[in-house]
Amino acid sequence: MTVPITPEALDAAVAADSFTGVITIDVGDTRTLERCEGFANRALGVPHTPSTRISCASGNKSFTALVILRLVEAGTLGLGDLVRPILGDDLPLIDDAVTIEHLLTHTSGIGDYIDEEGDGEIDEHVFSVPLHLLAETEAFLPALDGFPQKFPPGERFSYCNGGYMVLALVAERVSGRGYHELVQTEVCDRAGLVGSAFLRTDDLPGDVALGYLDEDGNRTNLLHLPVRGNGDGGMYFTADDLHRFWNALLDDRIVSPGTLAEMIRPRFDVPSEHKRYGMGFWLGRRNSSLILEGYDAGASFRSTHIPETRTTVTVLGNSSEGAWPVIYALADAMDGTVRGKFPDES
């Protein structure tokens, strides 16, 4: 299967919001579409290449979930384990009844330190602590603290960034290993990812794209996001690695078949997102598509995998809004099965 989008339709989507980034479609071992648009570094005129590393925003939440499920498979954690004994005196406003599974499925009801249900703009300065301090997981505790519980655990689905930061804390405390190390060894190494990593935004290598706030100009997201990503987002991916990841996941090289089946079992229909949710993964609303997605200041991203045909459709954008017309056009070409949440979408 290839995604039946015409060159003219893709050209129009790229031009709609001045897309800058990398677009790929891989079917099995064959790349059927590859486009690199705009610049990884505008001021220096460095163009994107197929191997450019680009921030995925929230896209690595699924990697956090996989780390947790690896610990569950090892017997270190249980899905029904309460979070409070692991947190101790930290984050006292989190309800005592919150479990690991509540956090994984966005049903914990905990107050979110980055609340996406509000009316804020994507380029607002939302962090309450200096960004340069947010390089390691424990450093996020002051930012996560002070947000009252929104509803009783298990009552409903409510997307929660803070919940995935709490999962990163849990993973560190029960394993005795750092979150970034856990992602590397338990997900990236097992999947054979060669370029994807958590990088400091103040120390980026030359093959990494800067994240731009607008469709033109040189303002980046350096003052908007933690200096290093963590459990709820901020990892850098290459398009090649994303296809490797999906194949490794479905080939049972990361978690067991039974664990994967539980993670991708549809649990919630989320009409506002035009998708469903499992446990750590977005899912197509009307088919078996598996989805990683992220949206943040200087980042717009989606990677969709169709298991039946081993097709991966990836759009990695290094501006806040530029990728969405492309994502929508590709989603429409796949019969509207993986459309997103954004306000210009019918």
# chains A, B, ... in the order shown; residues from 1 in each chain; ligands from 1

call {"tool": "residues_around", "arguments": {"residues": "Ala239 (chain A)", "least_positions_apart": "6", "cutoff": "9 Å", "atoms": "only C-alpha atoms", "output": "NGL selection string"}}
result
:A and (22-24 or 50-54 or 303 or 314-316)

call {"tool": "residues_around", "arguments": {"residues": "region 263-267 of chain A", "least_positions_apart": "5", "cutoff": "9 Å", "atoms": "only C-alpha atoms", "output": "list of chain:residue names"}}
result
A:Ala65, A:Leu66, A:Leu69, A:Thr105, A:Gly258, A:Arg276, A:Tyr277, A:Gly278, A:Met279, A:Gly280, A:Phe281, A:Trp282, A:Leu283, A:Ser288, A:Leu290

call {"tool": "write_last_selection", "arguments": {"atoms": "N, CA, C and O atoms", "output": "PDB file, in the first residue's frame"}}
result
ATOM      1  N   ALA A  65       5.861   5.017  28.080  1.00  0.00           N
ATOM      2  CA  ALA A  65       4.972   3.898  28.375  1.00  0.00           C
ATOM      3  C   ALA A  65       5.681   2.564  28.174  1.00  0.00           C
ATOM      4  O   ALA A  65       5.512   1.629  28.974  1.00  0.00           O
ATOM      5  N   LEU A  66       6.482   2.457  27.128  1.00  0.00           N
ATOM      6  CA  LEU A  66       7.200   1.211  26.884  1.00  0.00           C
ATOM      7  C   LEU A  66       8.217   0.926  27.988  1.00  0.00           C
ATOM      8  O   LEU A  66       8.404  -0.235  28.385  1.00  0.00           O
ATOM      9  N   LEU A  69       6.218  -0.479  30.818  1.00  0.00           N
ATOM     10  CA  LEU A  69       5.775  -1.854  30.564  1.00  0.00           C
ATOM     11  C   LEU A  69       6.940  -2.833  30.566  1.00  0.00           C
ATOM     12  O   LEU A  69       6.758  -4.015  30.916  1.00  0.00           O
ATOM     13  N   THR A 105      -2.927   5.703  30.948  1.00  0.00           N
ATOM     14  CA  THR A 105      -4.126   5.855  30.115  1.00  0.00           C
ATOM     15  C   THR A 105      -4.742   7.253  30.215  1.00  0.00           C
ATOM     16  O   THR A 105      -5.839   7.477  29.709  1.00  0.00           O
ATOM     17  N   GLY A 258       1.822 -10.104  24.107  1.00  0.00           N
ATOM     18  CA  GLY A 258       0.696  -9.860  25.005  1.00  0.00           C
ATOM     19  C   GLY A 258       0.689  -8.453  25.555  1.00  0.00           C
ATOM     20  O   GLY A 258      -0.370  -7.812  25.662  1.00  0.00           O
ATOM     21  N   ARG A 276      -8.540   7.367  18.761  1.00  0.00           N
ATOM     22  CA  ARG A 276      -8.786   6.610  19.975  1.00  0.00           C
ATOM     23  C   ARG A 276      -7.480   6.544  20.762  1.00  0.00           C
ATOM     24  O   ARG A 276      -6.419   6.934  20.270  1.00  0.00           O
ATOM     25  N   TYR A 277      -7.588   6.052  22.004  1.00  0.00           N
ATOM     26  CA  TYR A 277      -6.383   5.925  22.814  1.00  0.00           C
ATOM     27  C   TYR A 277      -6.344   4.546  23.448  1.00  0.00           C
ATOM     28  O   TYR A 277      -7.376   3.995  23.849  1.00  0.00           O
ATOM     29  N   GLY A 278      -5.149   3.988  23.493  1.00  0.00           N
ATOM     30  CA  GLY A 278      -4.931   2.710  24.145  1.00  0.00           C
ATOM     31  C   GLY A 278      -4.267   2.917  25.499  1.00  0.00           C
ATOM     32  O   GLY A 278      -4.848   3.495  26.411  1.00  0.00           O
ATOM     33  N   MET A 279      -3.040   2.446  25.607  1.00  0.00           N
ATOM     34  CA  MET A 279      -2.251   2.661  26.816  1.00  0.00           C
ATOM     35  C   MET A 279      -0.858   3.097  26.375  1.00  0.00           C
ATOM     36  O   MET A 279       0.018   2.287  26.101  1.00  0.00           O
ATOM     37  N   GLY A 280      -0.693   4.410  26.241  1.00  0.00           N
ATOM     38  CA  GLY A 280       0.574   4.952  25.768  1.00  0.00           C
ATOM     39  C   GLY A 280       0.618   5.233  24.283  1.00  0.00           C
ATOM     40  O   GLY A 280       1.604   5.780  23.792  1.00  0.00           O
ATOM     41  N   PHE A 281      -0.416   4.846  23.542  1.00  0.00           N
ATOM     42  CA  PHE A 281      -0.444   5.062  22.096  1.00  0.00           C
ATOM     43  C   PHE A 281      -1.783   5.645  21.656  1.00  0.00           C
ATOM     44  O   PHE A 281      -2.846   5.215  22.119  1.00  0.00           O
ATOM     45  N   TRP A 282      -1.713   6.627  20.725  1.00  0.00           N
ATOM     46  CA  TRP A 282      -2.889   7.033  19.974  1.00  0.00           C
ATOM     47  C   TRP A 282      -3.170   5.972  18.921  1.00  0.00           C
ATOM     48  O   TRP A 282      -2.256   5.331  18.390  1.00  0.00           O
ATOM     49  N   LEU A 283      -4.441   5.822  18.576  1.00  0.00           N
ATOM     50  CA  LEU A 283      -4.880   4.820  17.615  1.00  0.00           C
ATOM     51  C   LEU A 283      -5.814   5.462  16.606  1.00  0.00           C
ATOM     52  O   LEU A 283      -6.555   6.395  16.926  1.00  0.00           O
ATOM     53  N   SER A 288      -6.676   0.190  12.219  1.00  0.00           N
ATOM     54  CA  SER A 288      -5.675  -0.307  13.158  1.00  0.00           C
ATOM     55  C   SER A 288      -4.423   0.563  13.216  1.00  0.00           C
ATOM     56  O   SER A 288      -3.405   0.143  13.771  1.00  0.00           O
ATOM     57  N   LEU A 290      -1.471   2.949  14.187  1.00  0.00           N
ATOM     58  CA  LEU A 290      -0.800   3.317  15.425  1.00  0.00           C
ATOM     59  C   LEU A 290      -0.129   4.658  15.216  1.00  0.00           C
ATOM     60  O   LEU A 290       0.456   4.912  14.155  1.00  0.00           O
TER      61      LEU A 290
END

call {"tool": "atom_distance", "arguments": {"atom1": "CA of Ile254 (chain A)", "atom2": "CA of Gly192 (chain A)"}}
result
10.2 Å

call {"tool": "residues_around", "arguments": {"residues": "Asp252 (chain A)", "least_positions_apart": "5", "cutoff": "12 Å", "atoms": "only C-alpha atoms", "output": "list of chain:residue names"}}
result
A:Leu66, A:Arg70, A:Val187, A:Arg190, A:Ala191, A:Phe245, A:Trp246, A:Asn247, A:Pro257, A:Gly258, A:Thr259, A:Leu260, A:Ala261

call {"tool": "closest_residue", "arguments": {"among": "A:Pro307, A:Gly294, A:Pro152, A:Gly88", "to": "Leu249 (chain A)", "atoms": "only C-alpha atoms"}}
result
A:Pro307

call {"tool": "select_by_dssp", "arguments": {"residues": "region 40-251 of chain A", "states": "strand (DSSP E or B)", "output": "MDAnalysis selection string"}}
result
chainID A and resid 40:41 46:47 53:55 82 99 197 200 208 212 220 228 230 233 236:237

call {"tool": "write_last_selection", "arguments": {"atoms": "all heavy atoms", "output": "compact mmCIF listing (two decimals), in the first residue's frame"}}
result
# COMPACT_ATOMS: atom_id res chain seq x y z
N ALA A 40 16.95 23.41 8.53
CA ALA A 40 17.19 22.99 9.91
C ALA A 40 17.75 24.16 10.71
O ALA A 40 17.51 24.27 11.91
CB ALA A 40 18.16 21.82 9.93
N ASN A 41 18.50 25.05 10.05
CA ASN A 41 19.00 26.28 10.66
C ASN A 41 18.80 27.40 9.64
O ASN A 41 19.49 27.45 8.62
CB ASN A 41 20.47 26.14 11.05
CG ASN A 41 20.98 27.34 11.83
OD1 ASN A 41 20.80 28.49 11.43
ND2 ASN A 41 21.62 27.07 12.96
N VAL A 46 21.08 26.16 6.54
CA VAL A 46 21.36 24.72 6.53
C VAL A 46 20.08 23.98 6.16
O VAL A 46 19.11 24.02 6.93
CB VAL A 46 21.87 24.24 7.90
CG1 VAL A 46 22.11 22.73 7.88
CG2 VAL A 46 23.14 24.99 8.30
N PRO A 47 20.02 23.32 5.03
CA PRO A 47 18.78 22.66 4.61
C PRO A 47 18.55 21.36 5.38
O PRO A 47 19.48 20.74 5.89
CB PRO A 47 19.02 22.37 3.13
CG PRO A 47 20.51 22.22 3.03
CD PRO A 47 21.10 23.17 4.02
N ARG A 53 17.81 15.34 12.53
CA ARG A 53 17.13 15.00 13.78
C ARG A 53 16.24 16.17 14.19
O ARG A 53 16.70 17.31 14.26
CB ARG A 53 18.14 14.66 14.88
CG ARG A 53 18.93 13.41 14.57
CD ARG A 53 19.73 12.94 15.76
NE ARG A 53 21.01 13.61 15.87
CZ ARG A 53 21.91 13.37 16.83
NH1 ARG A 53 21.62 12.49 17.78
NH2 ARG A 53 23.07 14.01 16.84
N ILE A 54 14.96 15.88 14.46
CA ILE A 54 13.96 16.91 14.71
C ILE A 54 13.18 16.54 15.96
O ILE A 54 12.84 15.37 16.18
CB ILE A 54 13.01 17.06 13.50
CG1 ILE A 54 13.82 17.39 12.24
CG2 ILE A 54 11.96 18.14 13.76
CD1 ILE A 54 12.98 17.45 10.97
N SER A 55 12.84 17.53 16.77
CA SER A 55 12.11 17.28 18.01
C SER A 55 10.72 16.75 17.71
O SER A 55 10.02 17.23 16.81
CB SER A 55 12.00 18.55 18.84
OG SER A 55 11.17 18.35 19.96
N LEU A 82 -0.06 1.37 43.29
CA LEU A 82 -0.33 2.76 43.65
C LEU A 82 0.94 3.59 43.50
O LEU A 82 2.05 3.13 43.80
CB LEU A 82 -0.84 2.84 45.09
CG LEU A 82 -2.19 2.15 45.37
CD1 LEU A 82 -2.48 2.17 46.86
CD2 LEU A 82 -3.31 2.82 44.59
N THR A 99 -3.06 4.98 40.19
CA THR A 99 -2.23 3.82 39.88
C THR A 99 -1.37 4.09 38.65
O THR A 99 -1.57 5.08 37.92
CB THR A 99 -3.09 2.58 39.60
OG1 THR A 99 -3.83 2.79 38.37
CG2 THR A 99 -4.05 2.29 40.75
N ALA A 197 17.53 10.57 20.16
CA ALA A 197 18.10 10.75 21.49
C ALA A 197 17.47 11.96 22.16
O ALA A 197 16.83 12.80 21.52
CB ALA A 197 19.62 10.95 21.39
N ARG A 200 20.31 18.20 24.67
CA ARG A 200 20.15 19.51 25.29
C ARG A 200 19.97 20.56 24.19
O ARG A 200 20.73 20.61 23.22
CB ARG A 200 21.37 19.86 26.14
CG ARG A 200 21.51 19.06 27.43
CD ARG A 200 22.71 19.55 28.23
NE ARG A 200 22.56 20.95 28.63
CZ ARG A 200 22.27 21.35 29.87
NH1 ARG A 200 22.10 20.45 30.83
NH2 ARG A 200 22.16 22.64 30.15
N VAL A 208 21.08 18.49 13.88
CA VAL A 208 19.82 18.65 14.60
C VAL A 208 19.16 19.96 14.20
O VAL A 208 19.81 21.01 14.12
CB VAL A 208 20.05 18.61 16.12
CG1 VAL A 208 18.74 18.82 16.87
CG2 VAL A 208 20.68 17.28 16.53
N TYR A 212 11.47 26.42 15.39
CA TYR A 212 11.10 27.81 15.13
C TYR A 212 9.65 28.08 15.52
O TYR A 212 8.76 27.27 15.27
CB TYR A 212 11.33 28.14 13.65
CG TYR A 212 12.80 28.15 13.31
CD1 TYR A 212 13.40 27.05 12.71
CD2 TYR A 212 13.60 29.24 13.63
CE1 TYR A 212 14.76 27.03 12.42
CE2 TYR A 212 14.95 29.25 13.34
CZ TYR A 212 15.54 28.15 12.74
OH TYR A 212 16.87 28.14 12.47
N THR A 220 13.57 31.04 17.94
CA THR A 220 13.49 29.61 18.25
C THR A 220 12.75 29.40 19.57
O THR A 220 12.41 30.35 20.29
CB THR A 220 14.88 28.98 18.34
OG1 THR A 220 15.52 29.40 19.56
CG2 THR A 220 15.74 29.36 17.14
N ARG A 228 16.30 19.95 28.36
CA ARG A 228 16.38 18.57 27.88
C ARG A 228 15.03 17.90 28.09
O ARG A 228 14.43 18.03 29.15
CB ARG A 228 17.47 17.80 28.63
CG ARG A 228 17.82 16.45 28.01
CD ARG A 228 18.87 15.74 28.83
NE ARG A 228 19.36 14.54 28.15
CZ ARG A 228 20.05 13.58 28.76
NH1 ARG A 228 20.31 13.67 30.06
NH2 ARG A 228 20.48 12.53 28.09
N ASN A 230 12.01 15.00 28.47
CA ASN A 230 11.86 13.97 29.49
C ASN A 230 10.62 13.12 29.22
O ASN A 230 10.25 12.95 28.06
CB ASN A 230 11.83 14.62 30.88
CG ASN A 230 12.41 13.72 31.95
OD1 ASN A 230 11.77 12.76 32.37
ND2 ASN A 230 13.63 14.02 32.39
N GLY A 233 7.91 14.44 26.71
CA GLY A 233 8.22 14.95 25.38
C GLY A 233 9.62 15.49 25.25
O GLY A 233 10.38 15.58 26.22
N TYR A 236 14.45 13.81 20.20
CA TYR A 236 14.73 14.09 18.79
C TYR A 236 14.77 12.78 18.01
O TYR A 236 15.40 11.81 18.44
CB TYR A 236 16.07 14.81 18.64
CG TYR A 236 16.03 16.24 19.14
CD1 TYR A 236 16.13 16.53 20.50
CD2 TYR A 236 15.88 17.31 18.25
CE1 TYR A 236 16.09 17.84 20.96
CE2 TYR A 236 15.84 18.62 18.70
CZ TYR A 236 15.94 18.88 20.05
OH TYR A 236 15.90 20.17 20.50
N PHE A 237 14.08 12.76 16.86
CA PHE A 237 13.98 11.57 16.03
C PHE A 237 14.49 11.86 14.62
O PHE A 237 14.45 12.99 14.14
CB PHE A 237 12.52 11.13 15.89
CG PHE A 237 11.94 10.47 17.10
CD1 PHE A 237 10.71 10.88 17.59
CD2 PHE A 237 12.59 9.42 17.73
CE1 PHE A 237 10.14 10.26 18.69
CE2 PHE A 237 12.03 8.80 18.83
CZ PHE A 237 10.80 9.21 19.31

call {"tool": "atom_distance", "arguments": {"atom1": "CA of Leu10 (chain A)", "atom2": "CA of Arg219 (chain A)"}}
result
26.5 Å

call {"tool": "residues_around", "arguments": {"residues": "Gly317 (chain A)", "least_positions_apart": "6", "cutoff": "8 Å", "atoms": "only C-alpha atoms", "output": "PDB file with C-alpha atoms, in the first residue's frame"}}
result
ATOM      1  CA  PHE A  19       6.222  23.611   6.010  1.00  0.00           C
ATOM      2  CA  THR A  20       9.793  23.094   7.096  1.00  0.00           C
ATOM      3  CA  GLY A  21      10.969  19.600   7.906  1.00  0.00           C
ATOM      4  CA  VAL A  22      11.033  16.039   6.567  1.00  0.00           C
ATOM      5  CA  ILE A  54      13.959  16.909  14.710  1.00  0.00           C
ATOM      6  CA  ALA A 299       7.639  21.334  16.853  1.00  0.00           C
ATOM      7  CA  SER A 300       4.800  19.696  14.905  1.00  0.00           C
ATOM      8  CA  PHE A 301       4.968  15.956  14.348  1.00  0.00           C
ATOM      9  CA  ALA A 323       3.415  20.412   9.660  1.00  0.00           C
TER      10      ALA A 323
END

call {"tool": "residues_around", "arguments": {"residues": "Asp17 (chain A)", "least_positions_apart": "5", "cutoff": "9 Å", "atoms": "only C-alpha atoms", "output": "list in words"}}
result
Glu215, Glu321, Gly322, Ala323, Trp324, Pro325 and Val326 of chain A

call {"tool": "write_last_selection", "arguments": {"atoms": "N, CA and C atoms", "output": "compact mmCIF listing (two decimals), in the first residue's frame"}}
result
# COMPACT_ATOMS: atom_id res chain seq x y z
N GLU A 215 6.42 30.69 10.95
CA GLU A 215 6.74 30.15 9.63
C GLU A 215 7.88 30.89 8.96
N GLU A 321 3.51 25.31 13.68
CA GLU A 321 2.28 25.01 12.95
C GLU A 321 2.49 24.40 11.58
N GLY A 322 3.71 24.47 11.03
CA GLY A 322 3.91 24.17 9.62
C GLY A 322 3.55 22.77 9.18
N ALA A 323 3.64 21.79 10.08
CA ALA A 323 3.42 20.41 9.66
C ALA A 323 1.94 20.07 9.51
N TRP A 324 1.05 20.82 10.15
CA TRP A 324 -0.34 20.37 10.21
C TRP A 324 -1.05 20.29 8.87
N PRO A 325 -0.91 21.25 7.95
CA PRO A 325 -1.54 21.04 6.64
C PRO A 325 -1.05 19.78 5.93
N VAL A 326 0.24 19.46 6.10
CA VAL A 326 0.79 18.25 5.48
C VAL A 326 0.20 17.01 6.15

call {"tool": "closest_atom_pairs", "arguments": {"of": "region 285-343 of chain A", "to": "region 109-131 of chain A", "cutoff": "8 Å", "atoms": "only C-alpha atoms", "output": "JSON lines"}}
result
{"residue": "A:Asp296", "atom": "CA", "partner": "A:Ile122", "partner_atom": "CA", "distance": 6.1}
{"residue": "A:Ala297", "atom": "CA", "partner": "A:Asp123", "partner_atom": "CA", "distance": 5.2}
{"residue": "A:Ser320", "atom": "CA", "partner": "A:Ile122", "partner_atom": "CA", "distance": 7.5}

call {"tool": "closest_residue", "arguments": {"among": "A:Val170, A:His132, A:Ser62, A:Thr49", "to": "Val83 (chain A)", "atoms": "only C-alpha atoms"}}
result
A:Val170

call {"tool": "closest_residue", "arguments": {"among": "A:Gly176, A:Gly284, A:Gly75, A:Gly163", "to": "Glu101 (chain A)", "atoms": "only C-alpha atoms"}}
result
A:Gly163

call {"tool": "closest_residue", "arguments": {"among": "A:Ala248, A:Ala97, A:Val255, A:Leu330", "to": "Glu155 (chain A)", "atoms": "only C-alpha atoms"}}
result
A:Ala97
